[in-house]
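Take a look at the structure set out below.
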Amino acid sequence: MANRSVAMGVALAFVAMTALCCAPGAAELPRLDHPARSDGSLKLLVVGDWGRKGTHNQSRVADQMGRVGEKLDIDFVISTGDNFYKDGLKGVRDQAFEESFVDIYTAQSLQKPWYSVLGNHDYRGNALAQLSPVLRKIDDRFICMRSFIVNAELVDFFFVDTTPFQLEYWTHPGKDRYDWRGVAPRGKYIANLLKDLDVAMKKSTARWKIVAGHHTMRSVSEHGDTKELLELLLPVLKDNGVDFYINGHDHCLEHISSRDSPLQYFTSGGGSKAWRGVFHPNKDKLRFFYDGQGFMSLQLNQDQAHFIFYDVFGNILYRWSSRHPQPSTYLDEE
């Protein structure tokens with residue numbers, strides 16, 4: 001009940017900030033407070049690319065998330081986008097919201113805030129619908145904005161709207177239509193977002209800094225590296241000492257280490273349809289890759305971050321831990 005009260009408190013803050021998150025180039029990113037535990041720790045799950053009305057093993061992944069969530073007693077869930085396939089939501093009354101979210105993630109342990117970003121498939125529908133407080137009247141867990149900050153005391157999570165960065169969505173959309181309301185013109189939107197993000201990161205006094213977005217920064221799977229993010233967003237992350245970048249988009253689980261900074265890249269995009277059968281190595285160090293369905297957990301305290309990837313059966317596929325501050329020998333640190 002206490003955790004549900006926290007969610008309701010966040011809901012009120014969310015409603016008050018909706019106008020800010022929908023305005024292009026807001027002077028300050030919306031900020032939500034999610035208190036850490038009494039011992040200063042935090043536990044959460046990360047899943048992406050999930051909204052398929054339970055098909056493609058979405059329900060099985062959800063079941064295992066519930067089991068792991070109960071075991072860890074998680075504080076919240078991060079969704080890395082592509083929340084509703086194939087073309088987002090049609091509007092705030094679209095039954096897909098209930099069929100792909102409310103009716104799927106029913107475990108008691110998952111009745112916590114879901115901090116969510118939009119993916120490219122979400123932009124192909126009514127993007128404003130997912131940002132609307134109307135959805136929170138249906139299920140108050142769902143907290144979706146374009147870009148925002150969740151302050152959990154020991155960590156600041158910076159959620160970044162990455163879809164507008166992808167130039168091809170603007171210039172060569174093919175048969176797809178993107179809902180750019182509140183975003184166009186692209187150049188101004190991105191410039192303002194990067195400026196606001198840089199200011200917020202420089203103000204942050206949190207022990208850890210974590211960025212969550214939909215698109216890959218580094219990936220060896222189907223979509224690979226995202227050139228626009230490497231050119232525009234990555235310098236801001238490096239300049240501000242971001243520890244981890246978490247994303248979806250590629251339907252797999254992976255961990256890649258930067259060769260020229262302490263930055264670590266984690267893909268958790270296995271929430272439903274997966275098994276692409278694509279592998280394209282890049283120049284950074286691949287530590288783990290699983291071309292299948294699953295999700296990730298993250299446990300944080302003042303001194304250590306502990307990541308675990310799970311498959312659709314709840315089996316642990318991979319573990320990795322990092323102490324704070326991270327060692328200066330980036331590449332070979334295990």
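Each chain in the structure tokens gets a letter, A, B and so on, in the order shown; residues start at 1 in every chain, and ligands are counted from 1 in the order they appear.
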A:Val68 surroundings by only C-alpha atoms, 12 Å radius, close-in-sequence under 5 positions cut, as number ranges by chain:
A: 43-46, 61-63, 73-74, 77, 107-110, 294-298, 308-316
Q: Please identify all polymer residues within 6 Å of stretch 202-216 of chain A, counting only C-alpha atoms, omitting same-chain residues fewer than 4 positions from it, and present them as a ChimeraX atom specification.
A: /A:80-81,119,154-160,162,226,242-249
TODO: Any chance you could list, as a ChimeraX atom specification, the residues in stretch 51-298 of chain A that come up alpha helix (DSSP H) when DSSP is run on the backbone?
DONE: /A:58-72,96-97,120-123,127-131,134-138,167-171,186-203,227-228,234-239
What separates atom CA of A:Asp225 and atom CA of A:Asp250 is a distance of 10.1 Å
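Omitting A:Phe84 and its sequence neighbours fewer than 6 positions away, and counting only C-alpha atoms, the residues within 9 Å are Asp49, Trp50, Gly51, Arg52, Lys53, Ala96, Phe97, Ser100, Phe101, Gly119, His121, Asp122 and Gly125 of chain A.
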Let's have the selection written as a tab-separated table (two decimals), in the first residue's frame, with all heavy atoms.
```tsv
chain	number	residue	atom	x	y	z
A	49	ASP	N	10.08	-2.61	-25.92
A	49	ASP	CA	9.58	-3.22	-27.15
A	49	ASP	C	8.62	-4.36	-26.84
A	49	ASP	O	8.79	-5.49	-27.30
A	49	ASP	CB	10.77	-3.70	-28.00
A	49	ASP	CG	11.76	-2.58	-28.28
A	49	ASP	OD1	12.62	-2.32	-27.42
A	49	ASP	OD2	11.64	-1.94	-29.34
A	50	TRP	N	7.56	-4.02	-26.09
A	50	TRP	CA	6.72	-5.07	-25.52
A	50	TRP	C	5.28	-5.11	-25.99
A	50	TRP	O	4.66	-6.16	-25.99
A	50	TRP	CB	6.71	-4.96	-23.99
A	50	TRP	CG	6.61	-3.57	-23.42
A	50	TRP	CD1	7.67	-2.78	-23.05
A	50	TRP	CD2	5.44	-2.81	-23.13
A	50	TRP	NE1	7.22	-1.57	-22.54
A	50	TRP	CE2	5.84	-1.56	-22.58
A	50	TRP	CE3	4.07	-3.06	-23.26
A	50	TRP	CZ2	4.95	-0.58	-22.17
A	50	TRP	CZ3	3.17	-2.08	-22.86
A	50	TRP	CH2	3.61	-0.86	-22.32
A	51	GLY	N	4.67	-4.03	-26.42
A	51	GLY	CA	3.21	-3.94	-26.52
A	51	GLY	C	2.55	-4.68	-27.65
A	51	GLY	O	2.17	-4.10	-28.67
A	52	ARG	N	2.36	-6.00	-27.49
A	52	ARG	CA	1.77	-6.81	-28.56
A	52	ARG	C	0.57	-7.63	-28.08
A	52	ARG	O	0.35	-8.74	-28.53
A	52	ARG	CB	2.83	-7.73	-29.15
A	52	ARG	CG	3.98	-6.98	-29.82
A	52	ARG	CD	4.99	-7.94	-30.45
A	52	ARG	NE	6.16	-7.24	-30.94
A	52	ARG	CZ	6.28	-6.71	-32.16
A	52	ARG	NH1	5.27	-6.80	-33.02
A	52	ARG	NH2	7.40	-6.11	-32.52
A	53	LYS	N	-0.18	-7.08	-27.13
A	53	LYS	CA	-1.41	-7.72	-26.64
A	53	LYS	C	-1.16	-9.14	-26.15
A	53	LYS	O	-2.01	-10.03	-26.30
A	53	LYS	CB	-2.49	-7.70	-27.73
A	53	LYS	CG	-2.83	-6.29	-28.21
A	53	LYS	CD	-3.90	-6.28	-29.27
A	53	LYS	CE	-4.20	-4.85	-29.73
A	53	LYS	NZ	-5.24	-4.78	-30.78
A	96	ALA	N	-5.94	-0.97	-26.98
A	96	ALA	CA	-4.58	-1.54	-26.94
A	96	ALA	C	-3.87	-1.19	-25.63
A	96	ALA	O	-3.00	-1.94	-25.18
A	96	ALA	CB	-3.77	-1.04	-28.13
A	97	PHE	N	-4.22	-0.06	-25.03
A	97	PHE	CA	-3.59	0.31	-23.76
A	97	PHE	C	-3.87	-0.74	-22.70
A	97	PHE	O	-2.98	-1.15	-21.94
A	97	PHE	CB	-4.08	1.68	-23.29
A	97	PHE	CG	-3.48	2.12	-21.97
A	97	PHE	CD1	-2.15	2.46	-21.88
A	97	PHE	CD2	-4.27	2.19	-20.83
A	97	PHE	CE1	-1.59	2.86	-20.67
A	97	PHE	CE2	-3.73	2.59	-19.61
A	97	PHE	CZ	-2.39	2.92	-19.53
A	100	SER	N	-2.49	-4.43	-24.00
A	100	SER	CA	-1.04	-4.63	-24.05
A	100	SER	C	-0.33	-4.23	-22.76
A	100	SER	O	0.84	-4.58	-22.58
A	100	SER	CB	-0.44	-3.81	-25.21
A	100	SER	OG	-0.78	-4.37	-26.44
A	101	PHE	N	-1.02	-3.52	-21.88
A	101	PHE	CA	-0.38	-3.07	-20.64
A	101	PHE	C	-1.16	-3.50	-19.40
A	101	PHE	O	-0.72	-4.36	-18.63
A	101	PHE	CB	-0.18	-1.56	-20.64
A	101	PHE	CG	0.43	-1.02	-19.38
A	101	PHE	CD1	1.73	-1.36	-19.03
A	101	PHE	CD2	-0.28	-0.18	-18.54
A	101	PHE	CE1	2.31	-0.88	-17.85
A	101	PHE	CE2	0.28	0.32	-17.37
A	101	PHE	CZ	1.58	-0.04	-17.02
A	119	GLY	N	8.89	5.22	-28.23
A	119	GLY	CA	9.73	4.65	-29.26
A	119	GLY	C	9.24	5.07	-30.63
A	119	GLY	O	8.23	5.77	-30.77
A	121	HIS	N	7.83	3.32	-32.94
A	121	HIS	CA	6.49	2.79	-33.24
A	121	HIS	C	5.41	3.58	-32.51
A	121	HIS	O	4.29	3.71	-33.02
A	121	HIS	CB	6.42	1.31	-32.87
A	121	HIS	CG	7.10	0.42	-33.87
A	121	HIS	ND1	6.45	-0.09	-34.97
A	121	HIS	CD2	8.37	-0.03	-33.93
A	121	HIS	CE1	7.30	-0.83	-35.68
A	121	HIS	NE2	8.47	-0.82	-35.06
A	122	ASP	N	5.72	4.10	-31.34
A	122	ASP	CA	4.76	4.94	-30.61
A	122	ASP	C	4.49	6.23	-31.36
A	122	ASP	O	3.37	6.74	-31.37
A	122	ASP	CB	5.29	5.25	-29.21
A	122	ASP	CG	5.50	3.99	-28.39
A	122	ASP	OD1	4.58	3.15	-28.37
A	122	ASP	OD2	6.58	3.83	-27.80
A	125	GLY	N	1.74	6.38	-34.18
A	125	GLY	CA	0.33	6.54	-33.83
A	125	GLY	C	0.10	7.95	-33.30
A	125	GLY	O	0.75	8.91	-33.72
```
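Coordinates place atom CA of A:Ser272 at a distance of 29.7 Å from atom CA of A:Arg31.
Atom CA of A:Arg287 lies 11.8 Å from atom CA of A:Thr267.
Near stretch 130-143 of chain A, within a cut-off of 6 Å and counting only C-alpha atoms, sit the residues Lys112, Pro113, Trp114, Tyr115, Ser116, Ala127, Leu128 and Met145 of chain A, with same-chain residues fewer than 2 positions away left out.
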